[in-house]
$ cat query04.csv   # CSV, C-alpha atoms
chain,number,residue,atom,x,y,z
W,1,MET,CA,-42.5,27.5,-28.1
W,2,SER,CA,-42.4,25.9,-31.5
W,3,ASP,CA,-41.8,28.3,-34.4
W,4,VAL,CA,-43.9,26.3,-36.9
W,5,LYS,CA,-47.4,24.9,-37.0
W,6,ILE,CA,-47.7,21.3,-38.3
W,7,ILE,CA,-50.8,20.2,-40.1
W,8,ASN,CA,-51.3,16.5,-41.1
W,9,ASP,CA,-52.6,16.5,-44.7
W,10,PRO,CA,-53.8,13.2,-46.1
W,11,VAL,CA,-52.2,13.9,-49.5
W,12,PHE,CA,-48.8,15.3,-48.6
W,13,GLY,CA,-48.3,14.3,-45.0
W,14,PHE,CA,-47.1,16.9,-42.6
W,15,ILE,CA,-47.3,20.5,-43.8
W,16,LYS,CA,-45.2,23.0,-41.9
W,17,ILE,CA,-46.5,26.6,-41.6
W,18,PRO,CA,-44.0,29.0,-40.0
W,19,LYS,CA,-45.4,31.1,-37.2
W,20,GLY,CA,-45.6,34.8,-38.1
W,21,LEU,CA,-47.1,36.3,-41.3
W,22,LEU,CA,-47.9,33.0,-43.0
W,23,TYR,CA,-49.7,31.5,-40.1
W,24,SER,CA,-51.5,34.8,-39.4
W,25,ILE,CA,-53.0,34.5,-43.0
W,26,VAL,CA,-54.2,31.0,-42.2
W,27,GLU,CA,-55.8,32.2,-39.0
W,28,HIS,CA,-57.5,35.2,-40.7
W,29,PRO,CA,-61.4,34.9,-40.9
W,30,LEU,CA,-61.3,35.3,-44.7
W,31,PHE,CA,-59.0,32.3,-45.1
W,32,GLN,CA,-60.9,30.2,-42.5
W,33,ARG,CA,-64.1,30.9,-44.6
W,34,LEU,CA,-62.5,28.5,-47.2
W,35,ASN,CA,-63.2,25.6,-44.7
W,36,ARG,CA,-66.9,26.1,-45.6
W,37,ILE,CA,-66.5,26.0,-49.4
W,38,ASN,CA,-66.1,22.6,-51.2
W,39,GLN,CA,-63.2,22.5,-53.6
W,40,LEU,CA,-65.2,20.6,-56.3
W,41,GLY,CA,-68.6,22.2,-55.9
W,42,LEU,CA,-71.2,19.5,-56.7
W,43,ALA,CA,-68.8,16.8,-57.9
W,44,SER,CA,-69.7,14.7,-54.9
W,45,VAL,CA,-72.9,13.8,-56.7
W,46,VAL,CA,-70.8,11.4,-58.8
W,47,TYR,CA,-67.7,11.0,-56.5
W,48,PRO,CA,-69.0,10.9,-52.9
W,49,GLY,CA,-65.5,11.3,-51.5
W,50,ALA,CA,-65.0,14.7,-53.2
W,51,ARG,CA,-65.9,16.8,-50.2
W,52,HIS,CA,-62.5,18.4,-49.6
W,53,THR,CA,-62.4,22.1,-49.2
W,54,ARG,CA,-60.7,25.2,-50.7
W,55,PHE,CA,-58.9,25.5,-47.3
W,56,GLN,CA,-57.3,22.1,-47.8
W,57,HIS,CA,-56.3,22.9,-51.4
W,58,SER,CA,-54.8,26.2,-50.4
W,59,LEU,CA,-52.6,24.5,-47.8
W,60,GLY,CA,-51.5,21.9,-50.3
W,61,ALA,CA,-50.6,24.5,-52.8
W,62,PHE,CA,-48.6,26.3,-50.1
W,63,HIS,CA,-46.8,23.1,-49.3
W,64,LEU,CA,-45.8,22.6,-52.9
W,65,MET,CA,-44.7,26.2,-53.2
W,66,SER,CA,-42.4,25.7,-50.2
W,67,GLU,CA,-40.9,22.6,-51.9
W,68,ALA,CA,-40.4,24.4,-55.1
W,69,ILE,CA,-38.6,27.3,-53.4
W,70,VAL,CA,-36.2,25.0,-51.7
W,71,SER,CA,-35.6,23.0,-54.9
W,72,LEU,CA,-34.8,26.2,-56.9
W,73,GLN,CA,-32.6,27.6,-54.2
W,74,GLN,CA,-30.6,24.4,-54.2
W,75,LYS,CA,-29.9,24.9,-57.9
W,76,GLY,CA,-28.5,28.3,-57.3
W,77,ILE,CA,-31.6,30.4,-58.1
W,78,PHE,CA,-31.3,33.3,-55.8
W,79,ILE,CA,-34.6,34.0,-53.9
W,80,PHE,CA,-34.6,36.4,-51.0
W,81,GLU,CA,-36.3,35.2,-47.8
W,82,SER,CA,-38.7,38.1,-48.2
W,83,GLU,CA,-39.5,36.9,-51.7
W,84,ALA,CA,-39.9,33.3,-50.6
W,85,GLU,CA,-42.4,34.4,-47.8
W,86,ALA,CA,-44.2,36.7,-50.2
W,87,VAL,CA,-44.8,34.0,-52.9
W,88,GLN,CA,-45.9,31.5,-50.2
W,89,ALA,CA,-48.4,34.1,-48.9
W,90,ALA,CA,-49.6,34.7,-52.5
W,91,ILE,CA,-50.3,31.0,-53.1
W,92,LEU,CA,-52.0,30.7,-49.8
W,93,MET,CA,-54.5,33.4,-50.8
W,94,HIS,CA,-54.8,32.6,-54.5
W,95,ASP,CA,-58.3,31.1,-54.1
W,96,ILE,CA,-59.5,33.3,-51.3
W,97,GLY,CA,-62.1,34.9,-53.5
W,98,HIS,CA,-63.9,31.7,-54.5
W,99,GLY,CA,-67.6,31.6,-53.7
W,100,PRO,CA,-69.9,28.7,-52.9
W,101,PHE,CA,-70.1,25.8,-55.4
W,102,SER,CA,-67.0,26.8,-57.4
W,103,HIS,CA,-67.9,29.0,-60.4
W,104,VAL,CA,-71.7,28.6,-60.2
W,105,LEU,CA,-72.3,32.1,-58.7
W,106,GLU,CA,-70.4,33.9,-61.4
W,107,ASN,CA,-72.9,35.2,-63.9
W,108,THR,CA,-75.8,33.9,-61.7
W,109,LEU,CA,-75.9,36.0,-58.5
W,110,PHE,CA,-73.5,38.6,-59.9
W,111,ARG,CA,-71.8,39.3,-63.2
W,112,GLY,CA,-68.8,40.9,-64.8
W,113,ILE,CA,-66.3,40.0,-62.1
W,114,THR,CA,-64.3,36.8,-61.6
W,115,HIS,CA,-63.2,35.1,-58.4
W,116,GLU,CA,-59.6,36.2,-59.3
W,117,ASP,CA,-60.8,39.8,-59.1
W,118,ILE,CA,-62.5,39.2,-55.8
W,119,SER,CA,-59.4,37.3,-54.5
W,120,LEU,CA,-57.3,40.4,-55.1
W,121,MET,CA,-59.9,42.6,-53.3
W,122,MET,CA,-59.8,40.3,-50.3
W,123,MET,CA,-56.0,40.2,-50.4
W,124,GLU,CA,-55.9,44.0,-50.2
W,125,GLU,CA,-58.3,43.9,-47.3
W,126,ILE,CA,-56.1,41.4,-45.4
W,127,ASN,CA,-53.1,43.6,-46.3
W,128,ARG,CA,-54.8,46.6,-44.6
W,129,ASP,CA,-55.3,44.4,-41.5
W,130,PHE,CA,-51.6,43.5,-41.6
W,131,ASN,CA,-50.4,47.1,-42.1
W,132,GLY,CA,-49.0,46.5,-45.6
W,133,GLN,CA,-47.1,43.3,-44.9
W,134,LEU,CA,-48.6,41.8,-48.1
W,135,ASN,CA,-47.5,44.5,-50.5
W,136,LEU,CA,-44.8,42.2,-52.1
W,137,ALA,CA,-47.1,39.2,-52.2
W,138,ILE,CA,-49.8,41.2,-54.0
W,139,ALA,CA,-47.2,42.5,-56.5
W,140,ILE,CA,-46.1,39.0,-57.3
W,141,PHE,CA,-49.7,37.7,-57.5
W,142,LYS,CA,-50.5,40.5,-60.1
W,143,GLY,CA,-47.3,39.8,-62.1
W,144,GLU,CA,-45.9,43.2,-61.3
W,145,TYR,CA,-42.7,42.1,-59.6
W,146,PRO,CA,-39.5,42.0,-61.7
W,147,LYS,CA,-38.9,38.3,-61.1
W,148,ASP,CA,-41.5,36.9,-63.3
W,149,PHE,CA,-40.7,33.3,-62.5
W,150,LEU,CA,-42.2,33.8,-59.0
W,151,HIS,CA,-45.5,34.8,-60.6
W,152,GLN,CA,-45.3,31.7,-62.9
W,153,LEU,CA,-45.1,29.5,-59.7
W,154,ILE,CA,-48.6,30.9,-58.9
W,155,SER,CA,-50.1,31.2,-62.3
W,156,SER,CA,-48.9,29.2,-65.4
W,157,GLN,CA,-49.1,25.8,-67.1
W,158,LEU,CA,-47.1,24.4,-64.2
W,159,ASP,CA,-48.2,26.4,-61.2
W,160,MET,CA,-48.5,25.0,-57.7
W,161,ASP,CA,-52.2,25.5,-57.8
W,162,ARG,CA,-52.7,23.0,-60.6
W,163,LEU,CA,-50.1,20.6,-59.2
W,164,ASP,CA,-52.1,20.4,-56.0
W,165,TYR,CA,-55.6,20.3,-57.3
W,166,LEU,CA,-54.9,17.5,-59.8
W,167,ARG,CA,-53.2,15.4,-57.1
W,168,ARG,CA,-55.8,16.3,-54.4
W,169,ASP,CA,-58.9,15.9,-56.6
W,170,SER,CA,-57.6,12.5,-57.8
W,171,PHE,CA,-57.1,11.4,-54.2
W,172,TYR,CA,-60.6,12.4,-53.0
W,173,THR,CA,-62.5,11.3,-56.1
W,174,GLY,CA,-60.7,8.0,-56.2
W,175,VAL,CA,-59.8,8.5,-59.9
W,176,THR,CA,-56.4,7.0,-59.5
W,177,GLU,CA,-55.5,7.6,-63.1
W,178,GLY,CA,-55.4,11.3,-62.2
W,179,ASN,CA,-52.5,11.0,-59.9
W,180,ILE,CA,-49.5,13.0,-61.0
W,181,GLY,CA,-45.8,13.0,-60.0
W,182,SER,CA,-45.9,16.5,-58.5
W,183,ALA,CA,-42.7,15.9,-56.5
W,184,ARG,CA,-40.8,14.8,-59.5
W,185,ILE,CA,-41.9,17.8,-61.6
W,186,ILE,CA,-41.0,20.2,-58.7
W,187,LYS,CA,-37.5,18.7,-58.4
W,188,MET,CA,-37.0,19.2,-62.2
W,189,LEU,CA,-38.0,22.9,-62.2
W,190,ASN,CA,-35.3,25.4,-63.0
W,191,VAL,CA,-35.1,29.1,-64.2
W,192,VAL,CA,-33.6,30.4,-67.4
W,193,ASP,CA,-33.8,34.1,-68.4
W,194,ASP,CA,-36.4,34.7,-65.6
W,195,ALA,CA,-38.7,32.0,-66.9
W,196,LEU,CA,-39.6,28.6,-65.4
W,197,VAL,CA,-38.3,25.6,-67.4
W,198,VAL,CA,-38.3,21.9,-66.7
W,199,GLU,CA,-35.1,19.9,-67.0
W,200,GLN,CA,-35.0,17.2,-69.6
W,201,LYS,CA,-35.1,14.4,-67.1
W,202,GLY,CA,-38.6,15.5,-66.1
W,203,ILE,CA,-40.2,15.1,-69.5
W,204,TYR,CA,-41.9,11.8,-68.8
W,205,SER,CA,-43.5,13.3,-65.7
W,206,LEU,CA,-44.7,16.2,-67.8
W,207,GLU,CA,-46.2,13.9,-70.4
W,208,ASN,CA,-48.1,12.1,-67.6
W,209,TYR,CA,-49.2,15.5,-66.2
W,210,LEU,CA,-50.7,16.8,-69.4
W,211,THR,CA,-52.4,13.5,-70.2
W,212,THR,CA,-53.8,13.4,-66.7
W,213,ARG,CA,-55.1,16.9,-66.8
W,214,ARG,CA,-57.1,16.1,-69.9
W,215,LEU,CA,-58.5,13.0,-68.2
W,216,MET,CA,-59.5,14.8,-65.0
W,217,TYR,CA,-61.3,17.5,-66.9
W,218,TRP,CA,-63.6,15.3,-68.9
W,219,GLN,CA,-63.9,12.5,-66.3
W,220,VAL,CA,-64.4,14.7,-63.2
W,221,TYR,CA,-64.7,18.5,-63.7
W,222,LEU,CA,-66.9,18.3,-66.8
W,223,HIS,CA,-68.5,15.0,-66.0
W,224,ARG,CA,-72.0,15.1,-67.6
W,225,THR,CA,-73.8,14.4,-64.3
W,226,CYS,CA,-71.8,17.1,-62.4
W,227,VAL,CA,-72.6,19.6,-65.2
W,228,ALA,CA,-76.3,18.7,-65.1
W,229,TYR,CA,-76.5,19.0,-61.3
W,230,GLU,CA,-74.8,22.4,-61.5
W,231,LYS,CA,-77.4,23.5,-64.1
W,232,VAL,CA,-80.2,22.7,-61.6
W,233,LEU,CA,-78.6,25.0,-59.1
W,234,ILE,CA,-78.1,27.8,-61.6
W,235,LYS,CA,-81.8,27.6,-62.7
W,236,LEU,CA,-82.9,27.5,-59.0
W,237,LEU,CA,-81.0,30.7,-58.2
W,238,THR,CA,-82.2,32.3,-61.4
W,239,ARG,CA,-85.8,31.5,-60.5
W,240,ALA,CA,-85.3,32.8,-56.9
W,241,LYS,CA,-83.8,36.1,-58.2
W,242,ASP,CA,-86.7,36.5,-60.8
W,243,LEU,CA,-89.3,35.9,-58.1
W,244,ILE,CA,-87.8,38.5,-55.8
W,245,ALA,CA,-87.6,41.0,-58.7
W,246,ALA,CA,-91.3,40.4,-59.3
W,247,GLY,CA,-92.1,41.3,-55.6
W,248,HIS,CA,-92.2,37.8,-54.0
W,249,LYS,CA,-90.8,37.4,-50.5
W,250,LEU,CA,-88.3,34.5,-50.1
W,251,PHE,CA,-86.4,33.1,-47.2
W,252,ALA,CA,-82.6,33.6,-47.5
W,253,THR,CA,-79.7,34.5,-45.2
W,254,PRO,CA,-79.0,38.3,-45.3
W,255,SER,CA,-75.9,37.9,-47.5
W,256,LEU,CA,-77.6,35.6,-50.0
W,257,LEU,CA,-80.7,37.9,-50.0
W,258,TYR,CA,-78.4,40.8,-50.9
W,259,PHE,CA,-77.4,39.2,-54.1
W,260,LEU,CA,-80.9,37.9,-54.9
W,261,GLU,CA,-82.4,41.4,-54.5
W,262,ASN,CA,-79.7,43.4,-56.2
W,263,ASP,CA,-78.2,43.5,-59.7
W,264,VAL,CA,-74.5,43.2,-58.7
W,265,ASP,CA,-71.9,43.8,-61.4
W,266,LYS,CA,-68.2,44.6,-61.2
W,267,GLU,CA,-68.7,48.3,-60.8
W,268,ARG,CA,-71.0,47.8,-57.8
W,269,PHE,CA,-68.6,45.2,-56.4
W,270,CYS,CA,-65.7,47.7,-56.5
W,271,GLY,CA,-67.7,50.7,-55.5
W,272,ASP,CA,-70.0,49.4,-52.7
W,273,GLU,CA,-68.3,48.0,-49.6
W,274,GLU,CA,-71.5,46.2,-48.7
W,275,ALA,CA,-71.3,43.9,-51.8
W,276,LEU,CA,-67.9,42.6,-50.8
W,277,LYS,CA,-68.9,42.2,-47.1
W,278,HIS,CA,-71.9,40.2,-48.0
W,279,TYR,CA,-69.9,38.1,-50.4
W,280,GLU,CA,-67.4,37.3,-47.7
W,281,ASN,CA,-70.2,36.0,-45.5
W,282,LEU,CA,-71.4,33.6,-48.2
W,283,ASP,CA,-70.5,29.9,-48.1
W,284,ASP,CA,-72.1,26.6,-49.2
W,285,SER,CA,-74.4,26.5,-46.1
W,286,ASP,CA,-76.2,29.7,-47.1
W,287,ILE,CA,-77.5,28.1,-50.3
W,288,TRP,CA,-78.3,24.7,-48.8
W,289,SER,CA,-80.3,26.2,-46.0
W,290,ALA,CA,-82.3,28.3,-48.5
W,291,MET,CA,-83.0,25.2,-50.6
W,292,LYS,CA,-84.6,23.4,-47.5
W,293,VAL,CA,-87.1,26.2,-47.2
W,294,TRP,CA,-87.7,26.8,-50.9
W,295,ARG,CA,-88.8,23.2,-51.4
W,296,GLN,CA,-92.0,24.1,-49.5
W,297,SER,CA,-92.6,27.1,-51.7
W,298,ASP,CA,-96.0,27.8,-53.3
W,299,ASP,CA,-94.1,28.5,-56.5
W,300,LYS,CA,-94.0,25.2,-58.3
W,301,ILE,CA,-90.8,25.9,-60.3
W,302,LEU,CA,-88.8,27.0,-57.3
W,303,ALA,CA,-90.1,24.1,-55.2
W,304,THR,CA,-89.3,21.5,-57.9
W,305,LEU,CA,-85.8,22.7,-58.5
W,306,ALA,CA,-85.1,22.9,-54.7
W,307,ALA,CA,-86.3,19.3,-54.3
W,308,ASP,CA,-84.2,18.3,-57.3
W,309,MET,CA,-81.1,19.6,-55.5
W,310,LEU,CA,-81.9,18.1,-52.1
W,311,ASP,CA,-83.1,14.7,-53.4
W,312,ARG,CA,-80.5,14.2,-56.1
W,313,HIS,CA,-83.1,14.4,-58.8
W,314,ILE,CA,-80.6,15.6,-61.4
W,315,PHE,CA,-81.5,17.1,-64.8
W,316,LYS,CA,-81.3,14.5,-67.6
W,317,VAL,CA,-78.4,15.3,-69.8
W,318,GLU,CA,-77.6,14.6,-73.5
W,319,VAL,CA,-74.1,15.4,-74.9
W,320,SER,CA,-73.7,16.0,-78.6
W,321,GLU,CA,-70.8,17.0,-80.9
W,322,ASN,CA,-73.3,19.3,-82.8
W,323,PRO,CA,-75.4,22.2,-81.7
W,324,ILE,CA,-78.8,21.4,-80.2
W,325,SER,CA,-81.6,22.1,-82.6
W,326,GLU,CA,-84.4,24.6,-81.8
W,327,GLU,CA,-86.9,21.9,-82.7
W,328,ARG,CA,-85.5,19.7,-79.9
W,329,ILE,CA,-85.6,22.5,-77.4
W,330,HIS,CA,-89.2,23.4,-78.3
W,331,GLU,CA,-90.3,19.8,-78.1
W,332,LEU,CA,-88.8,19.4,-74.6
W,333,ALA,CA,-90.3,22.7,-73.4
W,334,THR,CA,-93.7,21.6,-74.7
W,335,THR,CA,-93.6,18.3,-72.9
W,336,ILE,CA,-92.2,19.7,-69.6
W,337,ALA,CA,-94.8,22.6,-69.6
W,338,ARG,CA,-97.7,20.1,-70.1
W,339,GLU,CA,-96.5,17.7,-67.4
W,340,MET,CA,-95.7,20.4,-64.8
W,341,GLY,CA,-98.6,22.7,-65.6
W,342,ILE,CA,-96.4,25.7,-66.3
W,343,SER,CA,-95.9,27.9,-69.4
W,344,GLU,CA,-93.6,26.9,-72.2
W,345,ALA,CA,-91.6,30.1,-71.7
W,346,ASP,CA,-91.0,29.2,-68.1
W,347,ALA,CA,-90.2,25.6,-69.0
W,348,GLN,CA,-87.6,26.8,-71.4
W,349,ARG,CA,-86.1,29.4,-69.1
W,350,TYR,CA,-85.9,27.4,-65.9
W,351,MET,CA,-86.2,23.7,-66.7
W,352,ILE,CA,-83.9,23.4,-69.7
W,353,SER,CA,-80.2,24.4,-70.1
W,354,VAL,CA,-78.2,24.4,-73.4
W,355,ASN,CA,-74.5,25.0,-73.1
W,356,PRO,CA,-71.5,24.5,-75.3
W,357,ILE,CA,-68.5,23.6,-73.3
W,358,GLN,CA,-65.0,24.0,-74.6
W,359,LYS,CA,-61.7,23.1,-72.9
W,360,ASP,CA,-58.2,23.5,-74.2
W,361,MET,CA,-55.7,21.3,-72.4
W,362,TYR,CA,-52.6,22.9,-73.7
W,363,ASN,CA,-52.0,26.0,-75.7
W,364,VAL,CA,-48.6,26.3,-77.3
W,365,ASP,CA,-49.1,30.0,-78.2
W,366,ASP,CA,-50.5,31.1,-74.9
W,367,ASP,CA,-48.4,29.5,-72.2
W,368,SER,CA,-45.9,26.9,-73.3
W,369,ILE,CA,-43.9,24.5,-71.2
W,370,SER,CA,-40.2,24.7,-71.9
W,371,ILE,CA,-37.7,21.8,-71.6
W,372,LEU,CA,-34.1,22.6,-70.7
W,373,TYR,CA,-31.5,20.2,-72.2
W,374,LYS,CA,-28.1,19.6,-70.7
W,375,ASN,CA,-26.3,21.6,-73.4
W,376,GLY,CA,-28.5,24.6,-72.6
W,377,ASP,CA,-30.9,24.3,-75.5
W,378,ILE,CA,-34.6,25.0,-74.7
W,379,LYS,CA,-37.5,23.5,-76.6
W,380,ASP,CA,-41.2,23.5,-76.1
W,381,ILE,CA,-42.6,20.2,-74.9
W,382,SER,CA,-44.5,19.9,-78.2
W,383,GLU,CA,-41.1,19.5,-79.9
W,384,ALA,CA,-39.3,17.7,-77.2
W,385,SER,CA,-41.7,14.9,-76.5
W,386,GLU,CA,-41.4,11.7,-78.5
W,387,LEU,CA,-44.5,10.1,-77.1
W,388,LEU,CA,-46.9,13.0,-76.4
W,389,ASN,CA,-49.3,14.1,-79.1
W,390,VAL,CA,-49.4,17.7,-78.1
W,391,GLN,CA,-51.4,18.5,-81.3
W,392,LEU,CA,-54.1,16.3,-80.0
W,393,LEU,CA,-53.9,17.8,-76.5
W,394,SER,CA,-54.1,21.3,-77.8
W,395,LYS,CA,-57.0,20.5,-80.1
W,396,LYS,CA,-60.1,22.6,-79.1
W,397,ILE,CA,-62.7,20.2,-77.9
W,398,ARG,CA,-66.3,21.5,-77.9
W,399,LYS,CA,-69.3,19.5,-76.6
W,400,TYR,CA,-72.9,20.6,-76.4
W,401,TYR,CA,-74.7,19.7,-73.2
W,402,LEU,CA,-78.5,19.6,-73.2
W,403,CYS,CA,-79.8,19.4,-69.6
W,404,TYR,CA,-83.5,19.3,-68.7
W,405,GLN,CA,-86.0,18.4,-66.0
W,406,ARG,CA,-86.9,14.7,-65.8
W,407,ILE,CA,-90.6,14.0,-66.2
W,408,GLU,CA,-91.4,10.7,-64.6

$ encode --input "query04.csv" --output "structure tokens"
Amino acid sequence: MSDVKIINDPVFGFIKIPKGLLYSIVEHPLFQRLNRINQLGLASVVYPGARHTRFQHSLGAFHLMSEAIVSLQQKGIFIFESEAEAVQAAILMHDIGHGPFSHVLENTLFRGITHEDISLMMMEEINRDFNGQLNLAIAIFKGEYPKDFLHQLISSQLDMDRLDYLRRDSFYTGVTEGNIGSARIIKMLNVVDDALVVEQKGIYSLENYLTTRRLMYWQVYLHRTCVAYEKVLIKLLTRAKDLIAAGHKLFATPSLLYFLENDVDKERFCGDEEALKHYENLDDSDIWSAMKVWRQSDDKILATLAADMLDRHIFKVEVSENPISEERIHELATTIAREMGISEADAQRYMISVNPIQKDMYNVDDDSISILYKNGDIKDISEASELLNVQLLSKKIRKYYLCYQRIE
């Protein structure tokens, strides 16, 4: 019997998963749930090919982690087999706590807790199922293990998570400018004083990586149409939650209904097993199925927003470098209220969204990328690069998105 499972991945080719602990994680129901959650949420509204899943991404990150371990070991970096397996397990599960539609549910159906917090809760649940075999993986994931470079492989400026999702998202969206030389970067990784560094020969690949990451954020992840579509969904769920709070009965699967009916914060998530169990049952299909029923609702706002989602009737969006004026918001609310026959207060709460969006591509103070020279010197890439304008990359970019219901 073969001691590995081989999966054919369109991005990296054949991915080998050893039978045993690692393959048991892949087979676990909480990991299989990731098959039902899209990696890029609603980005397929702009890039129809972007329908790959969190499951695929997690396998890709695992593959890159395996490559990184081999590369470091070949350079004399000592990694126990138990450590190698643990860091592979940690990267497999790093996204296991993601909910439907990426980050949309955070601060909509629940608040005060991140998907990273939930990932850790799910890891601990799987660990109980595996009788403590994931203790080391969880310690590395939390940054509590003495070899800090292992944690950096999971969470840092150059972690395997980012190297996979940039390459994978570029592939599935068709944004070819987003393709990065992940193999080259991994081959150039090294460890000095328990910290990841990149050898000098990899500096050009790093320059491309940082530039690419900036492009992918503004061209894909924060594309104005993707943001506007996401706001429709947030307003739809907000309206559903408000209607239920006011005593209305709405169709929803039991797990979705739990979050619509209850005010779930971090304390409740951590103290009520029911909250986590319902969350584990949520995936994209819960919300799509609810939308199909809600579009027939007697509530005009709920029905309109559900139809917007299903029929690709996306909020109109305006992007500005300056804050949106109150006069502009009031003007829109008045127009939408008149055309839809709803109150101005409801128009402003449910049919208009105003959000500042800020993204830093590189933060020298927070998590720098170190370049290792042949003579042993180490410099931050901001000093080492002759071509890269790191000051420009690290500049805080803030844009103001005004999204609102189209009246036609």

$ atom_distance --input "query04.csv" --atom1 "CA of Ile301 in chain W" --atom2 "CA of Ile352 in chain W"
11.9 Å

$ atom_distance --input "query04.csv" --atom1 "CA of Ile336 in chain W" --atom2 "CA of Tyr404 in chain W"
8.8 Å

$ atom_distance --input "query04.csv" --atom1 "CA of Asn208 in chain W" --atom2 "CA of Phe14 in chain W"
25.5 Å

$ residues_around --input "query04.csv" --residues "Pro356 in chain W" --least-positions-apart "3" --cutoff "7 Å" --atoms "only C-alpha atoms" --output "PDB file with C-alpha atoms, in the coordinates of the input"
ATOM      1  CA  ARG W 398     -66.300  21.500 -77.900  1.00  0.00           C
ATOM      2  CA  LYS W 399     -69.300  19.500 -76.600  1.00  0.00           C
ATOM      3  CA  TYR W 400     -72.900  20.600 -76.400  1.00  0.00           C
ATOM      4  CA  TYR W 401     -74.700  19.700 -73.200  1.00  0.00           C
TER       5      TYR W 401
END

$ residues_around --input "query04.csv" --residues "Cys226 in chain W" --least-positions-apart "4" --cutoff "12 Å" --atoms "all atoms listed in the file" --output "ChimeraX atom specification"
/W:40-48,50,101-102,104,217-222,230-233,309,312,314-317,401,403

$ closest_residue --input "query04.csv" --among "W:Asp148, W:Asp299, W:Asp286, W:Asp161" --to "Pro100 in chain W" --atoms "only C-alpha atoms"
W:Asp286

$ closest_residue --input "query04.csv" --among "W:Leu64, W:Ala137, W:Met216, W:Leu166" --to "Ile186 in chain W" --atoms "all atoms listed in the file"
W:Leu64

$ residues_around --input "query04.csv" --residues "Leu257 in chain W" --least-positions-apart "6" --cutoff "9 Å" --atoms "all atoms listed in the file" --output "PDB file with C-alpha atoms, in the coordinates of the input"
ATOM      1  CA  LYS W 241     -83.800  36.100 -58.200  1.00  0.00           C
ATOM      2  CA  LEU W 250     -88.300  34.500 -50.100  1.00  0.00           C
ATOM      3  CA  PHE W 251     -86.400  33.100 -47.200  1.00  0.00           C
TER       4      PHE W 251
END

$ closest_residue --input "query04.csv" --among "W:Ile381, W:Ile96, W:Ala245, W:Leu236" --to "Ala306 in chain W" --atoms "only C-alpha atoms"
W:Leu236

$ build_atoms --input "query04.csv" --residues "range 141-151 of chain W" --atoms "N, CA, C and O atoms" --output "PDB file, in the coordinates of the input"
ATOM      1  N   PHE W 141     -48.403  38.317 -57.084  1.00  0.00           N
ATOM      2  CA  PHE W 141     -49.700  37.700 -57.500  1.00  0.00           C
ATOM      3  C   PHE W 141     -50.167  38.407 -58.809  1.00  0.00           C
ATOM      4  O   PHE W 141     -50.668  37.750 -59.730  1.00  0.00           O
ATOM      5  N   LYS W 142     -50.012  39.721 -58.893  1.00  0.00           N
ATOM      6  CA  LYS W 142     -50.500  40.500 -60.100  1.00  0.00           C
ATOM      7  C   LYS W 142     -49.493  40.458 -61.220  1.00  0.00           C
ATOM      8  O   LYS W 142     -49.790  40.971 -62.289  1.00  0.00           O
ATOM      9  N   GLY W 143     -48.320  39.837 -61.030  1.00  0.00           N
ATOM     10  CA  GLY W 143     -47.300  39.800 -62.100  1.00  0.00           C
ATOM     11  C   GLY W 143     -46.599  41.118 -62.280  1.00  0.00           C
ATOM     12  O   GLY W 143     -46.071  41.403 -63.361  1.00  0.00           O
ATOM     13  N   GLU W 144     -46.542  41.926 -61.234  1.00  0.00           N
ATOM     14  CA  GLU W 144     -45.900  43.200 -61.300  1.00  0.00           C
ATOM     15  C   GLU W 144     -44.531  43.291 -60.687  1.00  0.00           C
ATOM     16  O   GLU W 144     -43.930  44.363 -60.618  1.00  0.00           O
ATOM     17  N   TYR W 145     -44.041  42.138 -60.222  1.00  0.00           N
ATOM     18  CA  TYR W 145     -42.700  42.100 -59.600  1.00  0.00           C
ATOM     19  C   TYR W 145     -41.688  41.711 -60.655  1.00  0.00           C
ATOM     20  O   TYR W 145     -41.982  40.879 -61.536  1.00  0.00           O
ATOM     21  N   PRO W 146     -40.486  42.275 -60.603  1.00  0.00           N
ATOM     22  CA  PRO W 146     -39.500  42.000 -61.700  1.00  0.00           C
ATOM     23  C   PRO W 146     -39.157  40.550 -61.897  1.00  0.00           C
ATOM     24  O   PRO W 146     -38.883  40.168 -63.026  1.00  0.00           O
ATOM     25  N   LYS W 147     -39.167  39.717 -60.862  1.00  0.00           N
ATOM     26  CA  LYS W 147     -38.900  38.300 -61.100  1.00  0.00           C
ATOM     27  C   LYS W 147     -40.135  37.570 -61.494  1.00  0.00           C
ATOM     28  O   LYS W 147     -40.930  37.109 -60.673  1.00  0.00           O
ATOM     29  N   ASP W 148     -40.302  37.447 -62.795  1.00  0.00           N
ATOM     30  CA  ASP W 148     -41.500  36.900 -63.300  1.00  0.00           C
ATOM     31  C   ASP W 148     -41.728  35.420 -63.006  1.00  0.00           C
ATOM     32  O   ASP W 148     -42.857  34.940 -62.919  1.00  0.00           O
ATOM     33  N   PHE W 149     -40.616  34.694 -62.798  1.00  0.00           N
ATOM     34  CA  PHE W 149     -40.700  33.300 -62.500  1.00  0.00           C
ATOM     35  C   PHE W 149     -41.491  33.019 -61.207  1.00  0.00           C
ATOM     36  O   PHE W 149     -42.118  31.969 -61.034  1.00  0.00           O
ATOM     37  N   LEU W 150     -41.440  33.990 -60.289  1.00  0.00           N
ATOM     38  CA  LEU W 150     -42.200  33.800 -59.000  1.00  0.00           C
ATOM     39  C   LEU W 150     -43.693  33.883 -59.319  1.00  0.00           C
ATOM     40  O   LEU W 150     -44.471  33.102 -58.745  1.00  0.00           O
ATOM     41  N   HIS W 151     -44.116  34.762 -60.219  1.00  0.00           N
ATOM     42  CA  HIS W 151     -45.500  34.800 -60.600  1.00  0.00           C
ATOM     43  C   HIS W 151     -45.917  33.510 -61.336  1.00  0.00           C
ATOM     44  O   HIS W 151     -47.030  33.000 -61.145  1.00  0.00           O
TER      45      HIS W 151
END
